[in-house]
Amino acid sequence: MDTSIHQRVRLLSDKQGGLVVFANLIEINHQTVSNVIKGKTKPSFKVVESILLRFPDINARWLITGEGEMKTKENEKSEKENNITQQTHHLLEKINLLEDSIKTKNLLIEKQERLLEILDKT
């Protein structure tokens with residue numbers, strides 16, 4: 001899908017919650033961003049620089065030319081690594097809970113076995 005730089009900036013703005021939020025995030029005047037999104041003006045170097053500094057995961061080539069993916073491959077890998085790390089922590093928490101449950105059940109079994117031994121002796 002071929003997009004103009006205006007459309008790409010609009011896409012980024014929409015992903016951040018709209019024009020005002022986006023303009024505040026990149027520290028650029030709302031009217032300036034609005035003019036870019038509406039296609040009235042091309043984004044200045046300052047606007048492009050502000051976007052790329054605020055969102056380092058955005059592929060500069062994509063933003064400027066529309067070529068490539070919106071996010072850098074490096075960031076995609078980092079996101080995948082973060083997801084794997086989060087999943088690993090979640091699984092470790094589950095393992096710890098299961099181990100605690102097993103310990104508790106083993107103690108209960110030991111108590112019941114002792115009780116059975118006492119009952120057998122009587």
# chains A, B, ... in the order shown; residues from 1 in each chain; ligands from 1

call {"tool": "select_by_dssp", "arguments": {"residues": "range 5-120 of chain A", "states": "helix (DSSP H, G or I)", "output": "NGL selection string"}}
result
:A and (5-15 or 19-26 or 30-38 or 45-54 or 60-65 or 73-120)

call {"tool": "residues_around", "arguments": {"residues": "Val9 in chain A", "least_positions_apart": "4", "cutoff": "9 Å", "atoms": "only C-alpha atoms", "output": "ChimeraX atom specification"}}
result
/A:4-5,13-14,33,36-37,43,51,63

call {"tool": "atom_distance", "arguments": {"atom1": "CA of Pro56 in chain A", "atom2": "CA of Asn83 in chain A"}}
result
18.7 Å

call {"tool": "atom_distance", "arguments": {"atom1": "CA of Thr32 in chain A", "atom2": "CA of His6 in chain A"}}
result
11.9 Å

call {"tool": "atom_distance", "arguments": {"atom1": "CA of Val20 in chain A", "atom2": "CA of Arg61 in chain A"}}
result
24.7 Å

call {"tool": "closest_residue", "arguments": {"among": "A:Val47, A:Leu92, A:Arg8, A:Ile84", "to": "Glu69 in chain A", "atoms": "only C-alpha atoms"}}
result
A:Arg8

call {"tool": "closest_residue", "arguments": {"among": "A:Ile102, A:Thr3, A:Gln16, A:Asn35", "to": "Ile64 in chain A", "atoms": "only C-alpha atoms"}}
result
A:Thr3
